[in-house]
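What's in run_7.txt: compact mmCIF, C-alpha atoms and all ligand atoms
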```txt
# COMPACT_ATOMS: atom_id res chain seq x y z
CA MET A 1 7.80 -20.24 -13.30
CA ALA A 2 5.63 -22.43 -15.49
CA THR A 3 2.45 -20.61 -14.52
CA ASN A 4 1.81 -16.91 -14.98
CA PRO A 5 0.08 -15.58 -11.82
CA ALA A 6 -1.90 -13.08 -13.88
CA GLU A 7 -3.47 -15.91 -15.86
CA ILE A 8 -3.83 -18.50 -13.13
CA LEU A 9 -7.57 -17.89 -12.72
CA GLY A 10 -8.24 -17.98 -16.46
CA LEU A 11 -10.71 -15.10 -16.24
CA PRO A 12 -11.36 -12.72 -19.13
CA LYS A 13 -9.76 -9.31 -18.67
CA PRO A 14 -12.21 -6.75 -17.28
CA ALA A 15 -13.01 -3.77 -19.49
CA TRP A 16 -10.87 -1.47 -17.33
CA ALA A 17 -7.77 -3.61 -17.92
CA ALA A 18 -7.94 -3.46 -21.70
CA ASP A 19 -5.17 -2.35 -24.07
CA GLU A 20 -2.95 0.34 -22.60
CA VAL A 21 -3.55 -0.83 -19.01
CA GLY A 22 -2.47 -4.31 -20.10
CA MET A 23 0.61 -2.85 -21.76
CA LEU A 24 1.44 -0.93 -18.60
CA TYR A 25 1.05 -4.15 -16.59
CA ASP A 26 3.47 -5.96 -18.93
CA MET A 27 5.97 -3.11 -18.77
CA ALA A 28 5.71 -2.83 -14.97
CA SER A 29 6.14 -6.61 -14.61
CA ARG A 30 9.27 -6.50 -16.76
CA PHE A 31 10.62 -3.57 -14.75
CA MET A 32 9.99 -5.34 -11.42
CA ALA A 33 11.51 -8.60 -12.70
CA GLU A 34 14.59 -7.01 -14.29
CA GLU A 35 15.34 -3.98 -12.10
CA ILE A 36 13.92 -4.78 -8.67
CA ALA A 37 13.77 -8.56 -8.18
CA PRO A 38 17.55 -9.13 -8.66
CA ARG A 39 18.26 -6.63 -5.85
CA TYR A 40 15.30 -7.50 -3.64
CA ASP A 41 17.27 -9.63 -1.14
CA GLU A 42 19.65 -6.70 -0.66
CA PHE A 43 16.71 -4.36 0.07
CA GLU A 44 15.24 -6.90 2.48
CA LYS A 45 18.58 -7.08 4.28
CA ASN A 46 18.97 -3.28 4.40
CA GLU A 47 15.33 -2.96 5.46
CA MET A 48 14.75 -0.32 2.83
CA PHE A 49 14.95 0.38 -0.86
CA ASP A 50 17.44 2.83 -2.31
CA ARG A 51 16.61 6.15 -3.98
CA GLU A 52 17.99 4.92 -7.27
CA SER A 53 15.16 2.38 -7.59
CA TRP A 54 12.62 5.14 -7.07
CA LEU A 55 14.26 7.33 -9.70
CA LYS A 56 14.34 4.38 -12.11
CA ALA A 57 10.65 3.72 -11.46
CA GLY A 58 9.97 7.40 -12.16
CA ALA A 59 11.95 7.29 -15.40
CA ALA A 60 10.02 4.17 -16.44
CA GLY A 61 6.70 5.97 -15.94
CA LEU A 62 5.68 3.95 -12.89
CA LEU A 63 5.24 6.91 -10.53
CA CYS A 64 2.08 9.02 -10.59
CA ALA A 65 0.55 7.15 -13.55
CA SER A 66 -2.88 8.44 -12.56
CA MET A 67 -1.84 12.09 -12.20
CA PRO A 68 -2.59 14.52 -15.04
CA GLU A 69 0.11 14.92 -17.67
CA LYS A 70 0.47 18.62 -16.96
CA TYR A 71 1.79 17.71 -13.51
CA GLY A 72 4.24 15.12 -14.82
CA GLY A 73 1.91 12.12 -14.55
CA ALA A 74 0.64 9.80 -17.27
CA GLY A 75 -2.99 10.94 -17.20
CA GLY A 76 -4.29 7.49 -16.27
CA SER A 77 -6.83 6.27 -13.72
CA PHE A 78 -6.84 3.88 -10.78
CA ALA A 79 -6.78 1.07 -13.40
CA HIS A 80 -3.20 2.09 -14.16
CA GLU A 81 -2.27 2.17 -10.49
CA SER A 82 -3.84 -1.25 -10.10
CA ALA A 83 -1.75 -2.62 -12.99
CA ILE A 84 1.45 -1.42 -11.31
CA ILE A 85 0.55 -2.80 -7.86
CA GLU A 86 -0.51 -6.11 -9.43
CA ALA A 87 2.85 -6.31 -11.21
CA ILE A 88 4.62 -5.75 -7.87
CA GLY A 89 2.56 -8.53 -6.25
CA HIS A 90 2.87 -10.96 -9.16
CA VAL A 91 6.65 -10.55 -9.36
CA GLY A 92 6.87 -10.74 -5.56
CA VAL A 93 8.58 -7.47 -4.63
CA ASP A 94 5.81 -6.47 -2.24
CA GLY A 95 7.93 -4.11 -0.13
CA PHE A 96 8.34 -1.54 -2.90
CA GLY A 97 6.34 1.36 -1.42
CA ILE A 98 5.34 3.05 -4.66
CA GLY A 99 1.69 2.05 -4.31
CA LEU A 100 1.25 4.30 -1.29
CA HIS A 101 3.16 7.11 -3.00
CA ASN A 102 1.11 6.80 -6.21
CA SER A 103 -2.39 6.14 -5.09
CA ILE A 104 -2.50 7.66 -1.62
CA VAL A 105 -0.02 10.53 -1.26
CA ALA A 106 -0.19 12.07 -4.75
CA PRO A 107 -4.03 12.07 -4.86
CA TYR A 108 -4.22 14.19 -1.68
CA ILE A 109 -2.16 16.84 -3.43
CA LEU A 110 -4.14 16.57 -6.65
CA HIS A 111 -7.52 16.75 -4.91
CA TYR A 112 -6.86 19.29 -2.18
CA GLY A 113 -3.71 21.14 -3.24
CA SER A 114 -3.70 24.66 -4.68
CA GLU A 115 -2.50 25.08 -8.26
CA GLU A 116 0.84 26.25 -6.89
CA GLN A 117 1.18 23.20 -4.61
CA LYS A 118 0.34 20.82 -7.47
CA GLN A 119 2.91 22.42 -9.74
CA LYS A 120 5.51 22.38 -7.01
CA TRP A 121 5.13 18.82 -5.74
CA LEU A 122 3.46 16.52 -8.27
CA PRO A 123 6.16 16.65 -11.00
CA LYS A 124 8.82 15.78 -8.42
CA LEU A 125 6.69 12.95 -7.04
CA ALA A 126 6.41 11.69 -10.64
CA THR A 127 10.19 11.56 -11.12
CA GLY A 128 10.91 10.06 -7.70
CA GLU A 129 12.87 13.13 -6.65
CA LEU A 130 10.28 13.43 -3.89
CA ILE A 131 9.22 10.25 -2.09
CA GLY A 132 5.85 10.48 -0.39
CA ALA A 133 4.51 9.32 2.95
CA ILE A 134 1.39 9.97 4.98
CA ALA A 135 1.74 10.28 8.74
CA MET A 136 -1.52 9.66 10.57
CA THR A 137 -0.71 7.11 13.27
CA GLU A 138 0.78 8.15 16.61
CA PRO A 139 1.93 6.06 19.54
CA GLY A 140 -1.37 6.89 21.27
CA ALA A 141 -3.69 7.07 18.24
CA GLY A 142 -4.07 4.37 15.58
CA SER A 143 -7.59 3.15 14.93
CA ASP A 144 -8.99 6.18 16.72
CA LEU A 145 -7.59 8.92 14.51
CA GLN A 146 -9.57 11.58 16.30
CA GLY A 147 -7.10 11.09 19.14
CA VAL A 148 -4.21 12.57 17.11
CA LYS A 149 -2.16 14.91 19.31
CA THR A 150 0.36 16.35 16.84
CA ARG A 151 -0.20 20.07 17.06
CA ALA A 152 0.17 22.67 14.31
CA GLU A 153 0.13 26.13 15.80
CA LYS A 154 -0.08 29.20 13.64
CA ASP A 155 2.82 31.60 14.06
CA GLY A 156 2.56 34.47 11.57
CA ASN A 157 2.76 32.98 8.10
CA HIS A 158 4.10 29.67 9.43
CA TYR A 159 2.82 26.62 11.28
CA LYS A 160 4.87 25.24 14.12
CA ILE A 161 4.37 21.47 14.20
CA SER A 162 5.14 19.39 17.26
CA GLY A 163 4.39 15.76 17.96
CA SER A 164 5.41 12.25 17.03
CA LYS A 165 4.20 9.67 14.55
CA THR A 166 4.87 5.96 14.29
CA PHE A 167 4.56 3.06 11.82
CA ILE A 168 5.00 5.43 8.87
CA THR A 169 5.55 3.63 5.57
CA ASN A 170 8.48 5.03 3.52
CA GLY A 171 9.39 6.85 6.75
CA GLN A 172 13.17 6.67 6.29
CA LEU A 173 13.22 7.70 2.63
CA ALA A 174 10.27 10.06 2.36
CA ASN A 175 11.01 13.74 1.82
CA LEU A 176 7.41 14.83 1.31
CA ILE A 177 5.22 13.88 4.23
CA ILE A 178 1.54 14.67 4.63
CA VAL A 179 1.13 15.10 8.37
CA VAL A 180 -2.20 14.75 10.13
CA THR A 181 -2.25 17.54 12.70
CA LYS A 182 -4.58 19.34 15.05
CA THR A 183 -4.84 23.02 14.22
CA ASP A 184 -7.59 23.42 16.81
CA PRO A 185 -7.39 20.68 19.47
CA ASP A 186 -10.65 21.79 21.11
CA LYS A 187 -12.67 21.01 17.99
CA GLY A 188 -11.85 17.26 17.74
CA ALA A 189 -12.23 15.96 14.18
CA LYS A 190 -13.16 19.45 13.01
CA GLY A 191 -9.84 20.76 14.28
CA THR A 192 -7.83 18.33 12.13
CA SER A 193 -5.73 19.61 9.21
CA LEU A 194 -3.36 18.00 6.72
CA ILE A 195 -0.06 19.83 6.35
CA VAL A 196 2.77 18.97 3.97
CA VAL A 197 6.27 18.83 5.39
CA GLU A 198 9.15 18.85 2.92
CA THR A 199 11.73 17.28 5.14
CA ASP A 200 14.75 18.58 3.17
CA GLU A 201 13.68 22.15 3.86
CA VAL A 202 12.93 22.21 7.57
CA GLU A 203 14.63 22.17 10.92
CA GLY A 204 13.40 20.18 13.90
CA PHE A 205 12.36 17.11 11.92
CA GLU A 206 13.89 13.83 13.02
CA ARG A 207 13.49 10.29 11.82
CA GLY A 208 13.37 7.73 14.60
CA ARG A 209 14.01 4.01 14.33
CA ASN A 210 13.43 2.08 11.14
CA LEU A 211 11.11 -0.35 12.89
CA ASP A 212 11.97 -4.05 13.04
CA LYS A 213 8.98 -5.82 11.50
CA ILE A 214 8.14 -9.50 11.01
CA GLY A 215 7.49 -8.98 7.29
CA LEU A 216 7.68 -6.47 4.43
CA LYS A 217 11.31 -6.15 5.48
CA SER A 218 12.38 -4.15 2.43
CA ASN A 219 9.91 -1.39 3.23
CA ASP A 220 11.05 1.23 5.71
CA THR A 221 8.48 1.80 8.44
CA SER A 222 9.47 4.51 10.90
CA GLU A 223 8.92 6.71 13.84
CA LEU A 224 8.96 10.41 12.97
CA PHE A 225 9.47 13.32 15.34
CA PHE A 226 8.41 16.92 14.81
CA ASN A 227 10.11 19.30 17.23
CA ASP A 228 8.65 22.73 16.50
CA VAL A 229 9.03 22.16 12.77
CA ARG A 230 8.22 25.42 10.96
CA VAL A 231 6.50 25.20 7.58
CA PRO A 232 4.81 28.00 5.61
CA THR A 233 1.04 28.24 6.11
CA SER A 234 0.83 27.71 2.35
CA ASN A 235 1.68 24.02 3.03
CA LEU A 236 -1.83 23.45 4.40
CA LEU A 237 -3.82 21.14 2.09
CA GLY A 238 -7.17 22.69 1.27
CA HIS A 239 -8.33 26.28 1.45
CA GLU A 240 -9.04 26.34 5.16
CA GLU A 241 -8.06 24.65 8.39
CA GLY A 242 -10.18 21.91 9.95
CA LYS A 243 -10.91 19.95 6.78
CA GLY A 244 -8.37 17.17 7.41
CA PHE A 245 -10.77 14.56 8.74
CA VAL A 246 -13.19 14.96 5.84
CA GLN A 247 -10.27 14.77 3.38
CA LEU A 248 -9.06 11.54 5.02
CA MET A 249 -12.53 10.02 4.88
CA GLN A 250 -12.87 10.92 1.20
CA GLN A 251 -9.54 9.34 0.24
CA LEU A 252 -9.71 6.21 2.40
CA PRO A 253 -11.80 4.15 -0.08
CA GLN A 254 -8.95 4.26 -2.62
CA GLU A 255 -6.40 3.40 0.08
CA ARG A 256 -8.52 0.44 1.12
CA LEU A 257 -9.10 -0.74 -2.43
CA GLN A 258 -5.36 -0.56 -3.02
CA ILE A 259 -4.77 -2.94 -0.10
CA GLY A 260 -7.20 -5.25 -1.90
CA THR A 261 -5.05 -4.96 -5.04
CA GLY A 262 -1.97 -6.18 -3.18
CA ALA A 263 -4.06 -8.97 -1.64
CA ILE A 264 -5.48 -10.37 -4.87
CA ALA A 265 -2.11 -10.17 -6.61
CA MET A 266 -0.40 -12.12 -3.82
CA ILE A 267 -3.24 -14.66 -3.73
CA GLU A 268 -2.73 -15.32 -7.45
CA ARG A 269 1.04 -15.64 -7.08
CA ALA A 270 0.74 -17.95 -4.07
CA LEU A 271 -1.58 -20.22 -6.03
CA ALA A 272 0.64 -20.19 -9.11
CA ILE A 273 3.82 -21.13 -7.27
CA THR A 274 2.04 -23.73 -5.15
CA ILE A 275 0.48 -25.45 -8.16
CA ASP A 276 3.95 -25.61 -9.72
CA TYR A 277 5.44 -26.94 -6.50
CA VAL A 278 2.94 -29.74 -5.87
CA LYS A 279 3.33 -30.94 -9.45
CA GLU A 280 7.09 -31.32 -8.93
CA ARG A 281 7.24 -32.61 -5.36
CA LYS A 282 6.95 -36.35 -4.87
CA ALA A 283 5.75 -38.33 -1.80
CA PHE A 284 4.72 -41.96 -1.52
CA GLY A 285 5.75 -42.49 -5.13
CA LYS A 286 3.54 -39.83 -6.66
CA ALA A 287 3.35 -36.09 -7.14
CA VAL A 288 1.80 -34.19 -4.21
CA ILE A 289 -0.87 -32.88 -6.58
CA ASP A 290 -2.10 -36.44 -7.07
CA PHE A 291 -3.38 -36.64 -3.48
CA GLN A 292 -7.06 -35.88 -3.31
CA ASN A 293 -6.50 -33.59 -0.31
CA THR A 294 -4.15 -31.41 -2.37
CA GLN A 295 -6.64 -31.23 -5.23
CA PHE A 296 -9.54 -30.40 -2.90
CA LYS A 297 -7.55 -27.72 -1.06
CA LEU A 298 -6.40 -26.10 -4.27
CA ALA A 299 -9.90 -26.40 -5.74
CA GLU A 300 -11.27 -24.50 -2.74
CA LEU A 301 -8.55 -21.86 -2.86
CA LYS A 302 -8.88 -21.32 -6.59
CA THR A 303 -12.63 -20.96 -6.22
CA GLU A 304 -12.24 -18.37 -3.48
CA ALA A 305 -9.51 -16.57 -5.43
CA THR A 306 -11.84 -16.41 -8.43
CA ILE A 307 -14.62 -14.95 -6.29
CA GLY A 308 -12.09 -12.46 -4.90
CA ARG A 309 -10.84 -11.42 -8.32
CA VAL A 310 -14.36 -10.93 -9.71
CA PHE A 311 -15.29 -8.81 -6.67
CA TYR A 312 -12.05 -6.84 -6.93
CA ASN A 313 -12.55 -6.17 -10.65
CA ASP A 314 -16.06 -4.96 -9.95
CA CYS A 315 -14.81 -2.61 -7.22
CA VAL A 316 -12.22 -1.13 -9.59
CA ALA A 317 -14.82 -0.65 -12.33
CA ARG A 318 -17.08 1.14 -9.86
CA HIS A 319 -14.23 3.21 -8.47
CA ILE A 320 -13.21 4.41 -11.92
CA ASP A 321 -16.82 5.48 -12.51
CA GLY A 322 -16.75 7.34 -9.18
CA GLY A 323 -19.22 4.95 -7.59
CA LEU A 324 -17.21 2.93 -5.08
CA ASP A 325 -18.79 3.70 -1.72
CA PRO A 326 -16.71 3.58 1.49
CA VAL A 327 -18.63 0.55 2.79
CA THR A 328 -17.86 -1.61 -0.26
CA ALA A 329 -14.23 -0.43 -0.16
CA SER A 330 -14.10 -1.58 3.49
CA MET A 331 -15.51 -4.96 2.41
CA ALA A 332 -12.80 -5.26 -0.25
CA LYS A 333 -10.03 -4.40 2.22
CA TYR A 334 -11.20 -6.75 4.94
CA TRP A 335 -12.36 -9.70 2.86
CA LEU A 336 -9.49 -9.77 0.38
CA SER A 337 -6.81 -9.37 3.06
CA ASP A 338 -8.44 -12.12 5.17
CA LEU A 339 -8.53 -14.35 2.10
CA GLN A 340 -4.90 -13.51 1.39
CA GLY A 341 -3.92 -14.72 4.87
CA LYS A 342 -5.89 -17.94 4.41
CA VAL A 343 -4.61 -18.72 0.91
CA VAL A 344 -0.98 -18.05 1.78
CA ASP A 345 -1.24 -20.17 4.94
CA GLU A 346 -2.78 -23.13 3.08
CA CYS A 347 -0.26 -22.81 0.25
CA LEU A 348 2.59 -22.83 2.75
CA GLN A 349 1.17 -26.05 4.24
CA LEU A 350 1.23 -27.70 0.80
CA HIS A 351 4.96 -26.91 0.60
CA GLY A 352 5.64 -28.96 3.76
CA GLY A 353 8.89 -28.09 5.56
CA TYR A 354 10.20 -26.20 2.56
CA GLY A 355 7.38 -23.72 2.99
CA TYR A 356 8.89 -22.72 6.33
CA MET A 357 12.29 -22.00 4.77
CA ASN A 358 12.98 -18.39 3.90
CA GLU A 359 14.52 -19.37 0.58
CA TYR A 360 11.07 -20.38 -0.67
CA PRO A 361 8.95 -17.40 -1.76
CA ILE A 362 5.85 -18.71 0.03
CA ALA A 363 7.64 -18.17 3.38
CA ARG A 364 8.15 -14.48 2.67
CA MET A 365 4.58 -14.15 1.45
CA TYR A 366 3.39 -15.63 4.75
CA ARG A 367 5.24 -12.92 6.68
CA ASP A 368 4.35 -10.11 4.30
CA ALA A 369 0.64 -10.95 4.17
CA ARG A 370 0.01 -10.55 7.88
CA VAL A 371 0.05 -6.77 8.06
CA GLN A 372 -2.58 -6.40 5.37
CA ARG A 373 -5.25 -7.12 8.01
CA ILE A 374 -3.84 -4.40 10.26
CA TYR A 375 -2.87 -1.27 8.31
CA GLY A 376 -5.15 1.01 6.33
CA GLY A 377 -7.66 0.60 9.17
CA THR A 378 -7.75 -2.80 10.88
CA ASN A 379 -10.22 -5.40 9.61
CA GLU A 380 -12.17 -4.93 12.85
CA ILE A 381 -12.58 -1.24 12.00
CA MET A 382 -13.70 -2.25 8.48
CA LYS A 383 -16.43 -4.43 10.01
CA LEU A 384 -17.41 -1.57 12.29
CA LEU A 385 -17.89 0.67 9.23
CA ILE A 386 -19.84 -2.00 7.37
CA GLY A 387 -21.92 -2.67 10.48
CA ARG A 388 -22.81 0.99 10.85
CA SER A 389 -24.30 1.00 7.36
CA LEU A 390 -26.74 -1.82 8.01
C1 LIG B 401 3.80 -2.09 8.48
C2 LIG B 401 2.87 -0.97 8.85
C3 LIG B 401 2.78 0.14 8.03
C4 LIG B 401 1.96 1.22 8.38
N1 LIG B 401 1.96 2.34 7.58
C5 LIG B 401 1.31 3.45 8.04
C6 LIG B 401 1.44 4.69 7.35
O1 LIG B 401 2.09 4.80 6.29
N2 LIG B 401 0.83 5.80 7.87
C7 LIG B 401 0.10 5.72 9.01
O2 LIG B 401 -0.41 6.75 9.43
N3 LIG B 401 -0.05 4.57 9.69
C8 LIG B 401 0.54 3.43 9.23
N4 LIG B 401 0.42 2.25 9.92
C9 LIG B 401 -0.39 2.22 11.14
C10 LIG B 401 -1.67 1.41 11.02
O3 LIG B 401 -2.59 2.07 10.17
C11 LIG B 401 -2.20 1.18 12.44
O4 LIG B 401 -1.31 0.27 13.06
C12 LIG B 401 -3.62 0.65 12.47
O5 LIG B 401 -4.53 1.61 12.01
C13 LIG B 401 -4.04 0.18 13.87
O6 LIG B 401 -3.75 1.14 14.85
P1 LIG B 401 -2.96 0.68 16.19
O7 LIG B 401 -1.73 -0.04 15.74
O8 LIG B 401 -2.79 1.85 17.06
O9 LIG B 401 -3.89 -0.38 16.85
P2 LIG B 401 -5.06 -0.07 17.93
O10 LIG B 401 -5.92 1.00 17.42
O11 LIG B 401 -4.44 0.06 19.26
O12 LIG B 401 -5.85 -1.45 17.89
C14 LIG B 401 -5.53 -2.61 18.68
C15 LIG B 401 -6.60 -3.67 18.44
O13 LIG B 401 -7.87 -3.15 18.88
C16 LIG B 401 -8.80 -3.24 17.84
N5 LIG B 401 -9.75 -2.13 17.91
C17 LIG B 401 -9.47 -0.81 18.03
N6 LIG B 401 -10.59 -0.09 18.05
C18 LIG B 401 -11.62 -0.96 17.94
C19 LIG B 401 -13.03 -0.86 17.90
N7 LIG B 401 -13.64 0.34 17.95
N8 LIG B 401 -13.77 -1.99 17.80
C20 LIG B 401 -13.17 -3.18 17.73
N9 LIG B 401 -11.85 -3.38 17.76
C21 LIG B 401 -11.07 -2.28 17.86
C22 LIG B 401 -7.99 -3.19 16.56
O14 LIG B 401 -8.70 -3.75 15.46
C23 LIG B 401 -6.78 -4.01 16.95
O15 LIG B 401 -7.07 -5.37 16.82
C24 LIG B 401 1.19 1.14 9.55
C25 LIG B 401 1.25 0.00 10.36
C26 LIG B 401 2.08 -1.03 10.03
C27 LIG B 401 2.15 -2.23 10.96
```
Could the structure of this file be written out as structure tokens, please?
Amino acid sequence: MATNPAEILGLPKPAWAADEVGMLYDMASRFMAEEIAPRYDEFEKNEMFDRESWLKAGAAGLLCASMPEKYGGAGGSFAHESAIIEAIGHVGVDGFGIGLHNSIVAPYILHYGSEEQKQKWLPKLATGELIGAIAMTEPGAGSDLQGVKTRAEKDGNHYKISGSKTFITNGQLANLIIVVTKTDPDKGAKGTSLIVVETDEVEGFERGRNLDKIGLKSNDTSELFFNDVRVPTSNLLGHEEGKGFVQLMQQLPQERLQIGTGAIAMIERALAITIDYVKERKAFGKAVIDFQNTQFKLAELKTEATIGRVFYNDCVARHIDGGLDPVTASMAKYWLSDLQGKVVDECLQLHGGYGYMNEYPIARMYRDARVQRIYGGTNEIMKLLIGRSL
């Protein structure tokens, strides 16, 4: 590609992306281009990655970059996670589910796990030996998480977990799953607890279908069934039961910001490949970029992408300082994913019929972008949260 997506907007690097974060971005981009991109069609066809890619990512230092070194991580911050997710988006291997593993699953263990839990799980998450997932959504409870029915009943020094989950990212490959359960169903949100299930070590756990999605084909998204799965009570995250809802609320800003990372990276890639395309493609004796409509469209999109990038960079800077509030994180998730949908749609249009052909990357981006407005809390729920703060 003539244009580098990371440089398409021509903005100066923010302070948080200086030096070693930039080096990590370059390394991650090389890894994605050399190790993942050549096999990406195979993963799309199989509707999942293979374990080998996870282990390779671990060996390359791309898992748990923001976890402390003493637990096998690289001691970085969200800036490092952002660099890795941006590399995934800029290279165009968006289905590689390491973002969720790195900046959603591992942080729950770091923030709420006991010392023993951290020592047991984080180093294996950092090598890729353990692949992480978080199971909140159920067939009857998505946006309204208080409606979770999965029950964890205490039985001596074990919990007996029963219930079913759906739409779980990494659901076919994951062997460490944080399950949102009810330890006391009568207490609503206050009866919610997060319990870790190591799937290799339990009976009664079943993976359902690898769900047939319209996009993000290479990422496994599954139903999961818990049929009286017994796990030690020491797998509870946090010192006491009933803290699950608060823990979820505390971690959701990073999850939402991370959806913004994927959005801005895809926006930049879509613009880069479209600018290349319209310079090459000819109609009525001239390049498509020479039409004023093309220039105006791309001028608008580049302006909005620039606004998006500046906003995103500011959110990351605030998050690293510990000051990203949940409302601003909701704005980032909703606005950047909406913009992603718009930019990718307009860029596809500028490709004409070729944009509708799966062999052109913009077609896959069109399919992959759609879910960004749905998961991590729908954009309607984001507006609800913003609205409540007014
Ligand atoms: C590819 C994919 C991956 C996913 N990965 C995970 C995962 O790893 N872990 C996990 O736990 N979940 C995951 N999810 C689930 C996802 O988070 C939910 O689908 C999402 O939160 C919406 O829940 P729902 O599908 O039940 O929709 P519903 O809650 O049924 O919503 C239906 C519609 O109603 C709207 N709506 C609902 N409540 C309100 C309201 N109060 N005001 C206005 N509008 C409202 C919604 O915005 C939506 O438009 C994933 C989903 C997908 C598609």
Counting all atoms listed in the file, what are the residues, protein, DNA or RNA alike, that approach ligand LIG 401 (chain B) to within 9 Å? I want them as number ranges by chain. A: 100, 133-145, 165-171, 179-180, 211, 213-216, 219-222, 371-384
Write the residues you've just listed into a file as a compact mmCIF listing (two decimals), in the frame of the given file, and include C-alpha atoms for each of them.
```txt
# COMPACT_ATOMS: atom_id res chain seq x y z
CA LEU A 100 1.25 4.30 -1.29
CA ALA A 133 4.51 9.32 2.95
CA ILE A 134 1.39 9.97 4.98
CA ALA A 135 1.74 10.28 8.74
CA MET A 136 -1.52 9.66 10.57
CA THR A 137 -0.71 7.11 13.27
CA GLU A 138 0.78 8.15 16.61
CA PRO A 139 1.93 6.06 19.54
CA GLY A 140 -1.37 6.89 21.27
CA ALA A 141 -3.69 7.07 18.24
CA GLY A 142 -4.07 4.37 15.58
CA SER A 143 -7.59 3.15 14.93
CA ASP A 144 -8.99 6.18 16.72
CA LEU A 145 -7.59 8.92 14.51
CA LYS A 165 4.20 9.67 14.55
CA THR A 166 4.87 5.96 14.29
CA PHE A 167 4.56 3.06 11.82
CA ILE A 168 5.00 5.43 8.87
CA THR A 169 5.55 3.63 5.57
CA ASN A 170 8.48 5.03 3.52
CA GLY A 171 9.39 6.85 6.75
CA VAL A 179 1.13 15.10 8.37
CA VAL A 180 -2.20 14.75 10.13
CA LEU A 211 11.11 -0.35 12.89
CA LYS A 213 8.98 -5.82 11.50
CA ILE A 214 8.14 -9.50 11.01
CA GLY A 215 7.49 -8.98 7.29
CA LEU A 216 7.68 -6.47 4.43
CA ASN A 219 9.91 -1.39 3.23
CA ASP A 220 11.05 1.23 5.71
CA THR A 221 8.48 1.80 8.44
CA SER A 222 9.47 4.51 10.90
CA VAL A 371 0.05 -6.77 8.06
CA GLN A 372 -2.58 -6.40 5.37
CA ARG A 373 -5.25 -7.12 8.01
CA ILE A 374 -3.84 -4.40 10.26
CA TYR A 375 -2.87 -1.27 8.31
CA GLY A 376 -5.15 1.01 6.33
CA GLY A 377 -7.66 0.60 9.17
CA THR A 378 -7.75 -2.80 10.88
CA ASN A 379 -10.22 -5.40 9.61
CA GLU A 380 -12.17 -4.93 12.85
CA ILE A 381 -12.58 -1.24 12.00
CA MET A 382 -13.70 -2.25 8.48
CA LYS A 383 -16.43 -4.43 10.01
CA LEU A 384 -17.41 -1.57 12.29
```
Using all atoms listed in the file, determine which residues lie at most 10 Å from stretch 308-321 of chain A, disregarding the query and same-chain residues fewer than 5 positions distant; provide the list as a PyMOL selection string. chain A and resi 9+11+13-17+77-79+82+253-254+257-258+260-261+263-265+267-268+302-303+328-329+331-333+335-336+339-340
Generate the output file for the selected residues, C-alpha atoms, as a short mmCIF file (atom, residue, chain, number, x, y, z; two decimals), in the coordinates of the input.
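As a result, result-v5.cif now contains:
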```cif
data_model
loop_
_atom_site.label_atom_id
_atom_site.label_comp_id
_atom_site.auth_asym_id
_atom_site.auth_seq_id
_atom_site.Cartn_x
_atom_site.Cartn_y
_atom_site.Cartn_z
CA LEU A 9 -7.57 -17.89 -12.72
CA LEU A 11 -10.71 -15.10 -16.24
CA LYS A 13 -9.76 -9.31 -18.67
CA PRO A 14 -12.21 -6.75 -17.28
CA ALA A 15 -13.01 -3.77 -19.49
CA TRP A 16 -10.87 -1.47 -17.33
CA ALA A 17 -7.77 -3.61 -17.92
CA SER A 77 -6.83 6.27 -13.72
CA PHE A 78 -6.84 3.88 -10.78
CA ALA A 79 -6.78 1.07 -13.40
CA SER A 82 -3.84 -1.25 -10.10
CA PRO A 253 -11.80 4.15 -0.08
CA GLN A 254 -8.95 4.26 -2.62
CA LEU A 257 -9.10 -0.74 -2.43
CA GLN A 258 -5.36 -0.56 -3.02
CA GLY A 260 -7.20 -5.25 -1.90
CA THR A 261 -5.05 -4.96 -5.04
CA ALA A 263 -4.06 -8.97 -1.64
CA ILE A 264 -5.48 -10.37 -4.87
CA ALA A 265 -2.11 -10.17 -6.61
CA ILE A 267 -3.24 -14.66 -3.73
CA GLU A 268 -2.73 -15.32 -7.45
CA LYS A 302 -8.88 -21.32 -6.59
CA THR A 303 -12.63 -20.96 -6.22
CA THR A 328 -17.86 -1.61 -0.26
CA ALA A 329 -14.23 -0.43 -0.16
CA MET A 331 -15.51 -4.96 2.41
CA ALA A 332 -12.80 -5.26 -0.25
CA LYS A 333 -10.03 -4.40 2.22
CA TRP A 335 -12.36 -9.70 2.86
CA LEU A 336 -9.49 -9.77 0.38
CA LEU A 339 -8.53 -14.35 2.10
CA GLN A 340 -4.90 -13.51 1.39
#
```
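Put simply, atom CA of A:Asn293 is 24.5 Å away from atom CA of A:Ser337.
With distances taken over all atoms listed in the file, A:Val278 is the one residue among A:Val196, A:Val278, A:Ile178, A:Val229 lying closest to A:Gln295.
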Could you pull the residues within 8 Å of stretch 63-76 of chain A, counting only C-alpha atoms, minus those fewer than 5 positions along the same chain, as number ranges by chain? A: 57-58, 81, 98, 101-103, 106-107, 110, 118-119, 122-128
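Minimum atom-to-atom distance to A:Lys190, evaluated using all atoms listed in the file, belongs to A:Val246 out of A:Ile273, A:Val343, A:Ile177, A:Val246.
The smallest atom-to-atom distance between A:Arg281 and any of A:Tyr354, A:Tyr40, A:Phe245, A:Phe225, using all atoms listed in the file, is found for A:Tyr354.
A straight line drawn from atom CA of A:Gly61 to atom CA of A:Glu116 is 23.0 Å long.
Proximity ranking of A:Gly22, A:Pro38, A:Gly341, A:Gly10 relative to A:Val93 places A:Pro38 first, based on all atoms listed in the file.
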Which residue out of A:Val105, A:Leu173, A:Leu194, A:Val344 has the minimum interatomic distance to A:Gly208 when all atoms listed in the file are used? A:Leu173
